Amino acid sequence: MTTEQQHHLPHDLLEAIGGLPPAGDCIVEARDVHKYFGRLHVLKGISIAVMRKETVVVIGASGSGKTTLLRCVNHLEKIQSGRIWVNGHLIGYREGKGRLVEDRERNIARQRQEIGMVFQRFNLFPHMTALQNITEAPTRVRGVREAEAREMGEALLERVGLAEKRDAYPSQLSGGQQQRVAIARALAMKPALMLFDEPTSALDPEMIGEVLEVMEELAHEGMTMIVVSHEMGFAREAADRVVFMDDGMILEEGAPEALFANPQNQRTKDFLSKIL
Amino acid sequence: MALVGLVLMSLALVSCEQGHTYNYDWGLFFRSIFQPDNLILSGLWLTVSISVVSQVIGVVLGTFGALGRMSRFLPARLLSGWYVWFFRGTPLLVQIAFVYFGLGQAGIYAWERHPLFGFISGGVQAGIVALGLNEGAYMTEIVRAGILSIDPGQMEAAQSLGMTYRLAMRRIVLPQAARVIVPPLGNEFNNMLKTTSLLVVISVPELYVQFSRKNGTLFAPFELFLAAAVWYLLLTTIWSLIQGRIEARLGRGAGRAAEAGPSLRERLFGTRLGGVDDPGVVSGGR
């Protein structure tokens, strides 16, 4: 936001050198991220940048670290070295004398408001109705007024095609319906970035379509998204870039058509031959 | 009732064998139940009120104890651990005596000099404190188990929406844990109703003490203590009914089909007597 404002101010000196670098367009930047689970080295120096309005699909075999990478982006996992910036701010950490120091909880929570997350297993709150699931965080965290939040929640439910399910509890919804409510719940916080962790892997085949449809619409409307998924159809349709991860590293990335049609790395070829 | 009759008959037989006859004063027994005097009623009131207050204290302490035990803050974990270790590892009777006599005599807190609101005696206060502290230790474990039973994904989902740990615990995790906690909590309260009788050691005039005192003057231990037992049975039975209602209501909120908890009969006798489950009504669920 600050960089955008700076763009509108007269910066004669900077304009002389061609203006500020377009840092504001980069919403997520990870640099040389390492992550260990005990002795297990799960992320081995990941560097990636995601631009505003971009949809990045991360593919790779299970155990390749793609879900872990996603969870590091909103600090559900700690990292041992490297840096991750979201919206220009270090996520989860402060710089302290050359090392990373974990940030205060309140700051982490504030950063997470900007990052929507959709889980493989939905993780809806079972003691709340669909509408309550959506309005809970805006009212409690952002301080949005109850009536306003309800109005927005109903609009979101309408958009994901579940207007008539507003008073249903999660246990009364199908998997596909639950996941659509979960997407609406994340959107209600008006995030700048949405993370999807295998959003269709826990769904019955006939319900995958309805969820992907919502996600595609979201991508086309310009939401910035990082999606861990094996849905190649979705990647083709909605992704600007596909990233292939293997053994904790990013081996290859590119536009979906190029990567699927003409993979350069042998591992990518092997993986794609199994999945396509 | 048949069971009670059987016990009475066998007891009567034993007394015959010992060669003396006991004059059963059944009038006293029935009067103690159907026409309780003020002493019994006041004892009953004290038993119920001490139980409720102690249980509430226990639930509050247990909630904080559980949160402390799972805290990232080491001193909180240690404090909570020691608390549970001490109060579960020592007899309640000793705790009651220590709180009342020990603290009183040592001048740390002279209970009898501070009647609360002018009418709640020091003994009652000490009893509530001791029972509440003891109950809190057991509730700590129950609440902790309840919280641990909730899918960690719930906390993650809440935090990823920008909630702090505290807010997520209060709004998302604890309400779900409550559903898990209520059945064992009900059992704890059932115990509490009966355990108040231990306050006899500090002469709190609750139900048992009232009957005990009556026995001192009337000397009819068989009738009086049997009547006391019936009163306790009545209290725990009424509580069972209330507990069943609460559990049914909590289950409904979850969106599950209203699953009836165990019926009163199941609660009292532990089994479904003579009832064959209709396979047609076994709920399939989702």
# chains A, B, ... in the order shown; residues from 1 in each chain; ligands from 1
>>> interface_residues(of="chain A", to="chain B", cutoff="6 Å", atoms="only C-alpha atoms", output="list in words")
Ala109, Arg110, Arg112, Gln113, Asn123, His127 and Tyr169 of chain A
>>> write_last_selection(atoms="all heavy atoms", output="PDB file, in the first residue's frame")
ATOM      1  N   ALA A 109      -1.036 -12.404  13.789  1.00  0.00           N
ATOM      2  CA  ALA A 109      -2.477 -12.478  13.545  1.00  0.00           C
ATOM      3  C   ALA A 109      -2.906 -11.380  12.576  1.00  0.00           C
ATOM      4  O   ALA A 109      -3.721 -11.610  11.679  1.00  0.00           O
ATOM      5  CB  ALA A 109      -3.241 -12.361  14.866  1.00  0.00           C
ATOM      6  N   ARG A 110      -2.335 -10.176  12.741  1.00  0.00           N
ATOM      7  CA  ARG A 110      -2.717  -9.075  11.870  1.00  0.00           C
ATOM      8  C   ARG A 110      -2.301  -9.381  10.431  1.00  0.00           C
ATOM      9  O   ARG A 110      -3.042  -9.119   9.492  1.00  0.00           O
ATOM     10  CB  ARG A 110      -2.086  -7.771  12.347  1.00  0.00           C
ATOM     11  CG  ARG A 110      -2.729  -6.551  11.714  1.00  0.00           C
ATOM     12  CD  ARG A 110      -2.289  -5.258  12.371  1.00  0.00           C
ATOM     13  NE  ARG A 110      -2.470  -5.281  13.805  1.00  0.00           N
ATOM     14  CZ  ARG A 110      -1.507  -4.956  14.689  1.00  0.00           C
ATOM     15  NH1 ARG A 110      -0.318  -4.621  14.260  1.00  0.00           N
ATOM     16  NH2 ARG A 110      -1.745  -4.992  15.984  1.00  0.00           N
ATOM     17  N   ARG A 112      -1.985 -12.292   9.119  1.00  0.00           N
ATOM     18  CA  ARG A 112      -2.803 -13.388   8.570  1.00  0.00           C
ATOM     19  C   ARG A 112      -4.157 -12.899   8.082  1.00  0.00           C
ATOM     20  O   ARG A 112      -4.802 -13.566   7.273  1.00  0.00           O
ATOM     21  CB  ARG A 112      -2.996 -14.473   9.627  1.00  0.00           C
ATOM     22  CG  ARG A 112      -1.764 -15.327   9.841  1.00  0.00           C
ATOM     23  CD  ARG A 112      -2.130 -16.500  10.722  1.00  0.00           C
ATOM     24  NE  ARG A 112      -0.997 -17.366  10.991  1.00  0.00           N
ATOM     25  CZ  ARG A 112      -0.628 -17.734  12.217  1.00  0.00           C
ATOM     26  NH1 ARG A 112      -1.293 -17.298  13.270  1.00  0.00           N
ATOM     27  NH2 ARG A 112       0.393 -18.539  12.392  1.00  0.00           N
ATOM     28  N   GLN A 113      -4.607 -11.750   8.596  1.00  0.00           N
ATOM     29  CA  GLN A 113      -5.891 -11.217   8.118  1.00  0.00           C
ATOM     30  C   GLN A 113      -5.848 -10.972   6.616  1.00  0.00           C
ATOM     31  O   GLN A 113      -6.867 -10.982   5.949  1.00  0.00           O
ATOM     32  CB  GLN A 113      -6.213  -9.899   8.826  1.00  0.00           C
ATOM     33  CG  GLN A 113      -6.457 -10.050  10.310  1.00  0.00           C
ATOM     34  CD  GLN A 113      -6.636  -8.714  10.993  1.00  0.00           C
ATOM     35  OE1 GLN A 113      -6.974  -7.728  10.359  1.00  0.00           O
ATOM     36  NE2 GLN A 113      -6.400  -8.678  12.297  1.00  0.00           N
ATOM     37  N   ASN A 123     -12.100 -27.653   7.385  1.00  0.00           N
ATOM     38  CA  ASN A 123     -11.959 -27.060   8.714  1.00  0.00           C
ATOM     39  C   ASN A 123     -12.991 -25.971   8.995  1.00  0.00           C
ATOM     40  O   ASN A 123     -12.675 -24.955   9.605  1.00  0.00           O
ATOM     41  CB  ASN A 123     -10.553 -26.494   8.913  1.00  0.00           C
ATOM     42  CG  ASN A 123      -9.490 -27.570   8.883  1.00  0.00           C
ATOM     43  OD1 ASN A 123      -9.813 -28.756   8.747  1.00  0.00           O
ATOM     44  ND2 ASN A 123      -8.240 -27.200   9.017  1.00  0.00           N
ATOM     45  N   HIS A 127     -19.728 -25.924  15.056  1.00  0.00           N
ATOM     46  CA  HIS A 127     -20.774 -25.451  15.964  1.00  0.00           C
ATOM     47  C   HIS A 127     -21.423 -24.170  15.455  1.00  0.00           C
ATOM     48  O   HIS A 127     -22.188 -23.539  16.169  1.00  0.00           O
ATOM     49  CB  HIS A 127     -20.200 -25.244  17.363  1.00  0.00           C
ATOM     50  CG  HIS A 127     -19.054 -24.269  17.413  1.00  0.00           C
ATOM     51  ND1 HIS A 127     -17.929 -24.413  16.631  1.00  0.00           N
ATOM     52  CD2 HIS A 127     -18.862 -23.162  18.141  1.00  0.00           C
ATOM     53  CE1 HIS A 127     -17.096 -23.422  16.887  1.00  0.00           C
ATOM     54  NE2 HIS A 127     -17.635 -22.648  17.794  1.00  0.00           N
ATOM     55  N   TYR A 169     -25.734 -26.247   9.247  1.00  0.00           N
ATOM     56  CA  TYR A 169     -24.464 -26.528   9.917  1.00  0.00           C
ATOM     57  C   TYR A 169     -23.574 -27.327   8.964  1.00  0.00           C
ATOM     58  O   TYR A 169     -24.081 -28.048   8.094  1.00  0.00           O
ATOM     59  CB  TYR A 169     -24.705 -27.310  11.208  1.00  0.00           C
ATOM     60  CG  TYR A 169     -25.263 -26.451  12.311  1.00  0.00           C
ATOM     61  CD1 TYR A 169     -26.631 -26.333  12.515  1.00  0.00           C
ATOM     62  CD2 TYR A 169     -24.403 -25.732  13.151  1.00  0.00           C
ATOM     63  CE1 TYR A 169     -27.149 -25.518  13.521  1.00  0.00           C
ATOM     64  CE2 TYR A 169     -24.903 -24.921  14.158  1.00  0.00           C
ATOM     65  CZ  TYR A 169     -26.278 -24.818  14.341  1.00  0.00           C
ATOM     66  OH  TYR A 169     -26.771 -24.016  15.329  1.00  0.00           O
TER      67      TYR A 169
END
>>> select_by_dssp(residues="region 21-244 of chain A", states="strand (DSSP E or B)", output="PyMOL selection string")
chain A and resi 26-37+40-51+55-59+81-86+89-90+93-96+99-102+115-118+193-197+225-228+241-244
>>> residues_around(residues="Ile27 (chain A)", least_positions_apart="6", cutoff="10 Å", atoms="only C-alpha atoms", output="PyMOL selection string")
chain A and resi 49-54+85-89+192-193+224
>>> write_last_selection(atoms="all heavy atoms", output="short mmCIF file (atom, residue, chain, number, x, y, z; two decimals), in the first residue's frame")
data_model
loop_
_atom_site.label_atom_id
_atom_site.label_comp_id
_atom_site.auth_asym_id
_atom_site.auth_seq_id
_atom_site.Cartn_x
_atom_site.Cartn_y
_atom_site.Cartn_z
N ALA A 49 8.67 -15.82 -6.28
CA ALA A 49 7.97 -14.54 -6.16
C ALA A 49 6.61 -14.70 -6.84
O ALA A 49 6.51 -15.30 -7.90
CB ALA A 49 8.77 -13.43 -6.83
N VAL A 50 5.59 -14.15 -6.20
CA VAL A 50 4.25 -14.21 -6.78
C VAL A 50 3.76 -12.78 -6.96
O VAL A 50 3.82 -11.97 -6.02
CB VAL A 50 3.28 -15.00 -5.87
CG1 VAL A 50 1.87 -14.98 -6.45
CG2 VAL A 50 3.76 -16.43 -5.70
N MET A 51 3.33 -12.47 -8.16
CA MET A 51 2.89 -11.11 -8.47
C MET A 51 1.42 -10.93 -8.12
O MET A 51 0.65 -11.89 -8.11
CB MET A 51 3.08 -10.82 -9.97
CG MET A 51 4.51 -10.94 -10.45
SD MET A 51 5.55 -9.74 -9.63
CE MET A 51 7.03 -10.71 -9.38
N ARG A 52 1.04 -9.68 -7.90
CA ARG A 52 -0.35 -9.36 -7.66
C ARG A 52 -1.20 -9.83 -8.84
O ARG A 52 -0.78 -9.70 -10.00
CB ARG A 52 -0.48 -7.85 -7.49
CG ARG A 52 -1.61 -7.40 -6.60
CD ARG A 52 -1.53 -5.92 -6.33
NE ARG A 52 -0.51 -5.58 -5.36
CZ ARG A 52 -0.68 -5.67 -4.04
NH1 ARG A 52 -1.81 -6.11 -3.54
NH2 ARG A 52 0.29 -5.35 -3.21
N LYS A 53 -2.35 -10.40 -8.54
CA LYS A 53 -3.32 -10.90 -9.52
C LYS A 53 -2.85 -12.18 -10.23
O LYS A 53 -3.53 -12.66 -11.13
CB LYS A 53 -3.66 -9.83 -10.56
CG LYS A 53 -4.27 -8.59 -9.95
CD LYS A 53 -4.99 -7.76 -10.98
CE LYS A 53 -5.78 -6.67 -10.28
NZ LYS A 53 -6.67 -5.98 -11.19
N GLU A 54 -1.74 -12.69 -9.81
CA GLU A 54 -1.24 -13.91 -10.44
C GLU A 54 -1.86 -15.14 -9.77
O GLU A 54 -2.16 -15.11 -8.57
CB GLU A 54 0.28 -13.96 -10.30
CG GLU A 54 0.93 -14.96 -11.25
CD GLU A 54 2.44 -15.00 -11.08
OE1 GLU A 54 2.96 -14.56 -10.04
OE2 GLU A 54 3.09 -15.50 -12.00
N TRP A 85 8.44 -12.64 2.50
CA TRP A 85 7.72 -11.36 2.63
C TRP A 85 6.35 -11.52 2.02
O TRP A 85 6.18 -12.12 0.97
CB TRP A 85 8.45 -10.25 1.87
CG TRP A 85 9.75 -9.82 2.45
CD1 TRP A 85 9.97 -8.83 3.37
CD2 TRP A 85 11.05 -10.34 2.13
NE1 TRP A 85 11.31 -8.71 3.63
CE2 TRP A 85 12.01 -9.62 2.89
CE3 TRP A 85 11.51 -11.35 1.27
CZ2 TRP A 85 13.38 -9.88 2.83
CZ3 TRP A 85 12.87 -11.61 1.21
CH2 TRP A 85 13.79 -10.87 1.99
N VAL A 86 5.35 -10.98 2.71
CA VAL A 86 4.02 -10.89 2.11
C VAL A 86 3.63 -9.43 2.18
O VAL A 86 3.69 -8.82 3.26
CB VAL A 86 3.00 -11.76 2.87
CG1 VAL A 86 1.60 -11.55 2.29
CG2 VAL A 86 3.37 -13.22 2.79
N ASN A 87 3.25 -8.85 1.05
CA ASN A 87 2.93 -7.43 1.00
C ASN A 87 4.08 -6.56 1.50
O ASN A 87 3.87 -5.53 2.12
CB ASN A 87 1.69 -7.14 1.85
CG ASN A 87 0.46 -7.02 1.00
OD1 ASN A 87 0.56 -6.76 -0.20
ND2 ASN A 87 -0.70 -7.24 1.59
N GLY A 88 5.29 -7.03 1.28
CA GLY A 88 6.44 -6.23 1.67
C GLY A 88 6.86 -6.38 3.13
O GLY A 88 7.84 -5.79 3.56
N HIS A 89 6.08 -7.18 3.91
CA HIS A 89 6.45 -7.37 5.31
C HIS A 89 6.92 -8.80 5.54
O HIS A 89 6.32 -9.73 5.03
CB HIS A 89 5.27 -7.09 6.22
CG HIS A 89 4.76 -5.69 6.12
ND1 HIS A 89 5.41 -4.62 6.69
CD2 HIS A 89 3.67 -5.18 5.48
CE1 HIS A 89 4.75 -3.50 6.41
NE2 HIS A 89 3.69 -3.82 5.69
N ALA A 192 -5.69 -10.12 0.60
CA ALA A 192 -4.96 -9.72 -0.60
C ALA A 192 -4.44 -10.93 -1.34
O ALA A 192 -4.04 -10.84 -2.49
CB ALA A 192 -3.79 -8.81 -0.20
N LEU A 193 -4.47 -12.06 -0.66
CA LEU A 193 -3.86 -13.28 -1.19
C LEU A 193 -4.65 -14.47 -0.69
O LEU A 193 -5.06 -14.50 0.47
CB LEU A 193 -2.40 -13.36 -0.70
CG LEU A 193 -1.67 -14.69 -0.81
CD1 LEU A 193 -1.33 -14.97 -2.26
CD2 LEU A 193 -0.39 -14.65 0.03
N THR A 224 -5.19 -12.82 -6.19
CA THR A 224 -3.88 -13.45 -6.19
C THR A 224 -4.01 -14.79 -5.48
O THR A 224 -4.53 -14.85 -4.36
CB THR A 224 -2.85 -12.58 -5.44
OG1 THR A 224 -2.96 -11.25 -5.93
CG2 THR A 224 -1.46 -13.11 -5.64
#
>>> closest_residue(among="B:Leu207, B:Ala126, B:Leu185, B:Ala137", to="Tyr100 (chain B)", atoms="only C-alpha atoms")
B:Ala126
>>> select_by_dssp(residues="region 46-155 of chain B", states="helix (DSSP H, G or I)", output="PyMOL selection string")
chain B and resi 46-69+74-89+92-105+111-113+122-148+152-155
>>> residues_around(residues="region 155-161 of chain A", least_positions_apart="6", cutoff="10 Å", atoms="only C-alpha atoms", output="PyMOL selection string")
chain A and resi 130-131+134+149+177+179-181+183-185+187-188+210-211+213-215+217
>>> residues_around(residues="His34 (chain A)", least_positions_apart="6", cutoff="9 Å", atoms="only C-alpha atoms", output="MDAnalysis selection string")
chainID A and resid 41:46 79:82 248
>>> closest_residue(among="B:Ala106, B:Ser32, B:Ser121, B:Met139", to="Tyr83 (chain B)", atoms="only C-alpha atoms")
B:Met139
>>> residues_around(residues="Met249 (chain A)", least_positions_apart="3", cutoff="12 Å", atoms="only C-alpha atoms", output="PyMOL selection string")
chain A and resi 32-35+41-48+58-61+63-66+68-69+243-246+252-253+267
>>> write_last_selection(atoms="N, CA, C and O atoms", output="mmCIF file, in the first residue's frame")
data_model
loop_
_atom_site.group_PDB
_atom_site.id
_atom_site.type_symbol
_atom_site.label_atom_id
_atom_site.label_comp_id
_atom_site.auth_asym_id
_atom_site.auth_seq_id
_atom_site.Cartn_x
_atom_site.Cartn_y
_atom_site.Cartn_z
ATOM 1 N N ASP A 32 15.349 -18.223 -0.429
ATOM 2 C CA ASP A 32 16.205 -19.246 0.163
ATOM 3 C C ASP A 32 15.636 -19.800 1.472
ATOM 4 O O ASP A 32 16.292 -19.801 2.506
ATOM 5 N N VAL A 33 14.381 -20.264 1.418
ATOM 6 C CA VAL A 33 13.706 -20.744 2.625
ATOM 7 C C VAL A 33 14.085 -22.194 2.916
ATOM 8 O O VAL A 33 14.002 -23.059 2.033
ATOM 9 N N HIS A 34 14.525 -22.422 4.139
ATOM 10 C CA HIS A 34 14.815 -23.781 4.596
ATOM 11 C C HIS A 34 13.908 -24.127 5.754
ATOM 12 O O HIS A 34 13.681 -23.318 6.641
ATOM 13 N N LYS A 35 13.408 -25.342 5.715
ATOM 14 C CA LYS A 35 12.498 -25.782 6.778
ATOM 15 C C LYS A 35 12.814 -27.227 7.140
ATOM 16 O O LYS A 35 13.003 -28.077 6.251
ATOM 17 N N HIS A 41 14.706 -32.568 6.280
ATOM 18 C CA HIS A 41 14.875 -31.301 5.584
ATOM 19 C C HIS A 41 13.789 -31.194 4.521
ATOM 20 O O HIS A 41 13.919 -31.785 3.459
ATOM 21 N N VAL A 42 12.704 -30.483 4.799
ATOM 22 C CA VAL A 42 11.565 -30.511 3.882
ATOM 23 C C VAL A 42 11.592 -29.411 2.829
ATOM 24 O O VAL A 42 11.087 -29.604 1.730
ATOM 25 N N LEU A 43 12.121 -28.258 3.167
ATOM 26 C CA LEU A 43 12.279 -27.199 2.159
ATOM 27 C C LEU A 43 13.762 -26.870 2.056
ATOM 28 O O LEU A 43 14.386 -26.485 3.044
ATOM 29 N N LYS A 44 14.314 -27.031 0.859
ATOM 30 C CA LYS A 44 15.762 -26.906 0.699
ATOM 31 C C LYS A 44 16.106 -25.691 -0.149
ATOM 32 O O LYS A 44 16.513 -25.808 -1.293
ATOM 33 N N GLY A 45 15.862 -24.539 0.432
ATOM 34 C CA GLY A 45 16.249 -23.327 -0.278
ATOM 35 C C GLY A 45 15.272 -22.925 -1.355
ATOM 36 O O GLY A 45 15.599 -22.859 -2.534
ATOM 37 N N ILE A 46 14.030 -22.666 -0.919
ATOM 38 C CA ILE A 46 12.989 -22.271 -1.875
ATOM 39 C C ILE A 46 13.045 -20.765 -2.108
ATOM 40 O O ILE A 46 13.092 -19.986 -1.158
ATOM 41 N N SER A 47 13.046 -20.368 -3.362
ATOM 42 C CA SER A 47 12.900 -18.944 -3.698
ATOM 43 C C SER A 47 11.808 -18.828 -4.748
ATOM 44 O O SER A 47 11.831 -19.538 -5.747
ATOM 45 N N ILE A 48 10.869 -17.946 -4.479
ATOM 46 C CA ILE A 48 9.771 -17.779 -5.431
ATOM 47 C C ILE A 48 9.163 -16.400 -5.222
ATOM 48 O O ILE A 48 9.166 -15.875 -4.101
ATOM 49 N N VAL A 58 0.996 -24.978 -7.650
ATOM 50 C CA VAL A 58 2.174 -25.733 -7.259
ATOM 51 C C VAL A 58 1.842 -27.215 -7.371
ATOM 52 O O VAL A 58 0.864 -27.688 -6.779
ATOM 53 N N ILE A 59 2.625 -27.929 -8.165
ATOM 54 C CA ILE A 59 2.408 -29.373 -8.307
ATOM 55 C C ILE A 59 3.647 -30.113 -7.829
ATOM 56 O O ILE A 59 4.710 -29.513 -7.623
ATOM 57 N N GLY A 60 3.500 -31.409 -7.653
ATOM 58 C CA GLY A 60 4.617 -32.217 -7.183
ATOM 59 C C GLY A 60 4.098 -33.415 -6.414
ATOM 60 O O GLY A 60 2.961 -33.408 -5.935
ATOM 61 N N ALA A 61 4.934 -34.439 -6.312
ATOM 62 C CA ALA A 61 4.526 -35.655 -5.622
ATOM 63 C C ALA A 61 4.287 -35.359 -4.143
ATOM 64 O O ALA A 61 4.758 -34.343 -3.627
ATOM 65 N N GLY A 63 4.907 -35.292 -0.373
ATOM 66 C CA GLY A 63 6.189 -35.314 0.318
ATOM 67 C C GLY A 63 7.215 -34.406 -0.331
ATOM 68 O O GLY A 63 8.347 -34.322 0.130
ATOM 69 N N SER A 64 6.809 -33.702 -1.393
ATOM 70 C CA SER A 64 7.768 -32.830 -2.054
ATOM 71 C C SER A 64 7.887 -31.486 -1.357
ATOM 72 O O SER A 64 8.762 -30.695 -1.680
ATOM 73 N N GLY A 65 7.000 -31.212 -0.388
ATOM 74 C CA GLY A 65 7.116 -29.989 0.402
ATOM 75 C C GLY A 65 6.194 -28.873 -0.047
ATOM 76 O O GLY A 65 6.259 -27.769 0.474
ATOM 77 N N LYS A 66 5.276 -29.164 -0.981
ATOM 78 C CA LYS A 66 4.459 -28.077 -1.518
ATOM 79 C C LYS A 66 3.454 -27.551 -0.490
ATOM 80 O O LYS A 66 3.282 -26.336 -0.355
ATOM 81 N N THR A 68 3.842 -27.750 2.744
ATOM 82 C CA THR A 68 4.637 -27.078 3.768
ATOM 83 C C THR A 68 4.982 -25.659 3.333
ATOM 84 O O THR A 68 4.884 -24.718 4.127
ATOM 85 N N LEU A 69 5.360 -25.512 2.074
ATOM 86 C CA LEU A 69 5.678 -24.176 1.557
ATOM 87 C C LEU A 69 4.473 -23.248 1.718
ATOM 88 O O LEU A 69 4.597 -22.117 2.197
ATOM 89 N N VAL A 243 4.309 -24.346 -10.949
ATOM 90 C CA VAL A 243 5.601 -24.561 -10.304
ATOM 91 C C VAL A 243 5.698 -26.031 -9.952
ATOM 92 O O VAL A 243 4.786 -26.583 -9.326
ATOM 93 N N PHE A 244 6.773 -26.678 -10.357
ATOM 94 C CA PHE A 244 6.936 -28.091 -10.024
ATOM 95 C C PHE A 244 7.950 -28.232 -8.897
ATOM 96 O O PHE A 244 9.089 -27.776 -9.006
ATOM 97 N N MET A 245 7.506 -28.865 -7.818
ATOM 98 C CA MET A 245 8.396 -29.081 -6.669
ATOM 99 C C MET A 245 8.731 -30.549 -6.531
ATOM 100 O O MET A 245 7.896 -31.420 -6.761
ATOM 101 N N ASP A 246 9.963 -30.807 -6.145
ATOM 102 C CA ASP A 246 10.369 -32.178 -5.887
ATOM 103 C C ASP A 246 11.427 -32.164 -4.792
ATOM 104 O O ASP A 246 12.373 -31.378 -4.852
ATOM 105 N N GLU A 252 11.245 -26.663 -11.596
ATOM 106 C CA GLU A 252 10.892 -26.083 -12.872
ATOM 107 C C GLU A 252 9.650 -25.237 -12.718
ATOM 108 O O GLU A 252 8.776 -25.550 -11.908
ATOM 109 N N GLU A 253 9.571 -24.166 -13.456
ATOM 110 C CA GLU A 253 8.324 -23.409 -13.466
ATOM 111 C C GLU A 253 8.106 -22.776 -14.819
ATOM 112 O O GLU A 253 9.044 -22.582 -15.589
ATOM 113 N N ARG A 267 12.670 -35.108 -13.941
ATOM 114 C CA ARG A 267 11.728 -35.390 -12.856
ATOM 115 C C ARG A 267 10.341 -34.854 -13.196
ATOM 116 O O ARG A 267 9.333 -35.488 -12.900
#
>>> residues_around(residues="region 189-206 of chain B", least_positions_apart="5", cutoff="9 Å", atoms="only C-alpha atoms", output="PyMOL selection string")
chain B and resi 39-40+42-48+50-52+54-55+92-93+96-97+100-101+121+123-124+126-127+131+135+184+211+232+235-237+239-240
>>> atom_distance(atom1="CA of Ala178 (chain B)", atom2="CA of Gly68 (chain B)")
17.2 Å
>>> atom_distance(atom1="CA of Ile181 (chain B)", atom2="CA of Ser49 (chain B)")
22.0 Å
